[in-house]
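Notes follow the structure.
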Amino acid sequence: MIEFAKITTRLVTEFKKILGNNAVVFDDKDALENYAHDETGGEYYSHMPEIVLKPENAEQISKVLKLASAEHVPVTPRGAGSGLAGASVPIYGGIVISFERMNKIVEIDKTNLVAVTEPGVVTNDLCRKVSELGLYYAGYPMSVETSFIGGNVATNAGGSKVIKYGNTAHHVLGIEAVLPNGEIVQFGGKRRKDSSGYDIVRLLVGSEGTLAVFTKIFLNLIPLPGKTVDLLVPFPDIHTAISNVGPLITESKTLPSAVEFIDDTSVVLGSKYNNIRLPYQEKADAYLIVQYEGHDRDELESIYEKAGKALMNGKAMDVFVADNRTNSEKIWRIRRNWLEGIKAFESHTPTGDVVVPTSKIPEIMEYIAKISKEYKVQIPVAGHAADGNLHPAPMKPKDVNLGEWKELSEEILSKIAIKASKMGGAVSGEHGIGFVKKELLKKTKNKQYELMKSLKKTIDPLGIMNPGKLFDPQ
Amino acid sequence: MRIAVLVKEVPATDKVKMDEKTGTMIRSGMESELNPLDMYAVEEAVRIKEKFENVHVVAISMGPPQAVNSLKEAISMGCDDGYLMSDKNFAGSDTLATAYALSAAIQKLGNFDLIFTGERATDGETGQVGPSVATQLGIPVVTYVSKIEKISDEFVRVCRSIEGGKETVEVELPALLSVVKEINEPRIPNLAGKIASKSKKVPLLTANDIEVILDKVGLSGSPTRVVKVFYPKLSRDGKIIKVRDLESAVNELVEFMKQKGVI
């Protein structure tokens, strides 16, 4: 086990010299506590940083990393803290680098259709800004209002639009990063083709802060889709719902921008939390939310009529059509606030994140139902039906104490993740591994695990970058 | 029973922008939608239709030709018919002139027992048109209706939300009811409704069709004059309290608020 050095007063003075007094948080328990957790789902996952640094540019980060390397202090990069696997939690203490001050959109290049941002830009701020220019950033994690671009890239975030646009990796053209030795390097850039050697950009995407600190991100932009229509579709059972996903796409002859799934328990809790009722709430066992994008009203009408007829032929209980802002918001509110809705009733609700081939969703849902019965734990599930990415969220029963619950909930989620992996899926679809899933990574990706470890060793030989994430410190 | 629902197409935004020079609303490039508060009026009318036999629901709107989309939305929710009053003579109508034109259309289409409106439109925010229509038709109006308790061919008994409580009111029909959000949860139209509304003809009513006096509609019929439109200027005087511990921060904040006369 690697031993890390502690932050000394001498180091604090050095950091203040590099960053200025106001960009250093030290010896202030209340302020440091804000950087001790993410949204993983329980205070037992918290770890206090020793110091929080808020840099404003790559040069400052370079100096910090040189010092951290020299002193052998762990460094944990942190975005908005909206992660769900603990990737930004400093489990070995040391330095947290917070990107809250590196929140500038550096450039929107309309000729090359590229946005260059700092890591601390809130996803929706970028989406809004580019949309004013008729452009579209197609990365769309569900936490779009809070998550930072840097965090999206670090976890290879997914979201609801992956079926049409792919996950975050598909939108990243380049990354400027500071390597653990303090070197500032730009990988990729304003280009869409590059077959010159290994693709380091793709390696950095999803590396969860274990290889380097991102300081600039080059993102692909596309033309803004004109209008959207959303369909809310209740089904008598999950099998019927999922069996509709394929035909829906082929019959409408259009790739939807989202096909989301929510189960009956999620709807019951979500409707209480959001104070709305969905049609067929008492009878439906599952809902699909389908979104299409189109140029104009006529095009969308033609698409939703074809899709709607396919769904009705596929034994949907009905198809509800929202082609205005008010009704669309009504449909999406329950899905978007899904986790908050559940946590309002039980705050100790960790969220699983497994991915299976779409056709296997009914099978994994059956397994989740079996586990729910076996452990006597309620497990609402929502997810992205079109890409097989599900989020089971076990809720702490009233009679289980917190200590027991940490173990129990991890056991439940591990069983579901292993099962998903055996079905041809993976133990994380979009949240990442962080530290809560590293054992699962080891169990399910033997060969890749060793290869990943050796890559980590090459880029971060001292092991200071976000230690304890993906693997135990080497 | 015949029910009319008065609806309006509004900009689909929470941030209505005004042209400070002309005093008019900036609508260009803006998506439009059925006024969200009118959806409650449509829903209530459709629920009555679904509960009782021989109820016919007609949605009526005054606006530019594209407002037909909002009427189609009302039809897809369950209204039987829609009528769009669209004529350049109506342009620039204020709430009085709009209410006059709407009441003329209601009289022309004839024999309505109940007229529903939303509480107000989300663009103009006046809430005046409904009561003004009732006045011009000489029928009772009940505003802020949150529940319909009883309905017969002769009267309707409703509960209205008032400051600090509820009030039950019974009025003879015909009457106009303006409803609030608490009354129901408007439905999202289903595929069958959307397809049916697509092929449904929405007749156009001009000033001539509804036999209005031209001087009483449009700009000439509107006594309201927008003298000036401006955005309120907000300025903030920030003060940062720098202390190490929570207790002294709170004490200083309380002292500051006392000085300002806030507490």
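By convention here, the chains of the structure tokens are called A, B, ... in the order presented, each chain's residues are numbered starting at 1, and ligands are numbered starting at 1 in the order presented.
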9 Å contacts from chain B to chain A using only C-alpha atoms, as a list of chain:residue names: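 Within 9 Å of chain A on chain B, we get B:Ala12, B:Thr13, B:Ser32, B:Glu33, B:Leu34, B:Pro36, B:Glu185, B:Arg187, B:Ile188, B:Pro189, B:Asn190, B:Leu191, B:Ala192, B:Lys194, B:Ile195, B:Arg244.
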Residue subset to file, keeping C-alpha atoms, as an mmCIF file, in the first residue's frame:
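part.cif was written with the following content:
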data_model
loop_
_atom_site.group_PDB
_atom_site.id
_atom_site.type_symbol
_atom_site.label_atom_id
_atom_site.label_comp_id
_atom_site.auth_asym_id
_atom_site.auth_seq_id
_atom_site.Cartn_x
_atom_site.Cartn_y
_atom_site.Cartn_z
ATOM 1 C CA ALA B 12 -43.823 29.616 -25.390
ATOM 2 C CA THR B 13 -41.488 31.321 -22.960
ATOM 3 C CA SER B 32 -46.094 29.724 -29.642
ATOM 4 C CA GLU B 33 -48.322 27.445 -27.635
ATOM 5 C CA LEU B 34 -51.800 27.199 -26.162
ATOM 6 C CA PRO B 36 -50.936 26.893 -20.305
ATOM 7 C CA GLU B 185 -54.711 18.247 -14.082
ATOM 8 C CA ARG B 187 -54.570 15.804 -19.962
ATOM 9 C CA ILE B 188 -51.840 15.330 -22.527
ATOM 10 C CA PRO B 189 -53.624 14.584 -25.828
ATOM 11 C CA ASN B 190 -53.319 11.032 -27.085
ATOM 12 C CA LEU B 191 -52.435 9.878 -30.581
ATOM 13 C CA ALA B 192 -56.089 9.343 -31.578
ATOM 14 C CA LYS B 194 -53.978 14.351 -32.347
ATOM 15 C CA ILE B 195 -54.863 12.508 -35.554
ATOM 16 C CA ARG B 244 -13.908 32.901 10.713
#
Non-local contacts of Thr117 of chain B (9 Å; only C-alpha atoms; under 4 positions in same chain excluded) as a count of residues only: 15
Nearest to Val377 of chain A, chosen from A:Tyr35, A:Phe15, A:Trp405, A:Phe148, with only C-alpha atoms counted in the distances: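 Checking each of A:Tyr35, A:Phe15, A:Trp405, A:Phe148 against Val377 of chain A, counting only C-alpha atoms, the winner is A:Trp405.
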Extract, using only C-alpha atoms, all DNA, RNA and protein residues at most 7 Å from segment 36-38 of chain A, discarding same-chain residues fewer than 6 positions from it, and format them as a list in words.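 Near segment 36-38 of chain A, the qualifying residues are Tyr45, Ser46, His47, Met48, Pro49, Gly81, Ser82, Gly83, Leu84, Gly86, Ser88, Val89 and Pro90 of chain A.
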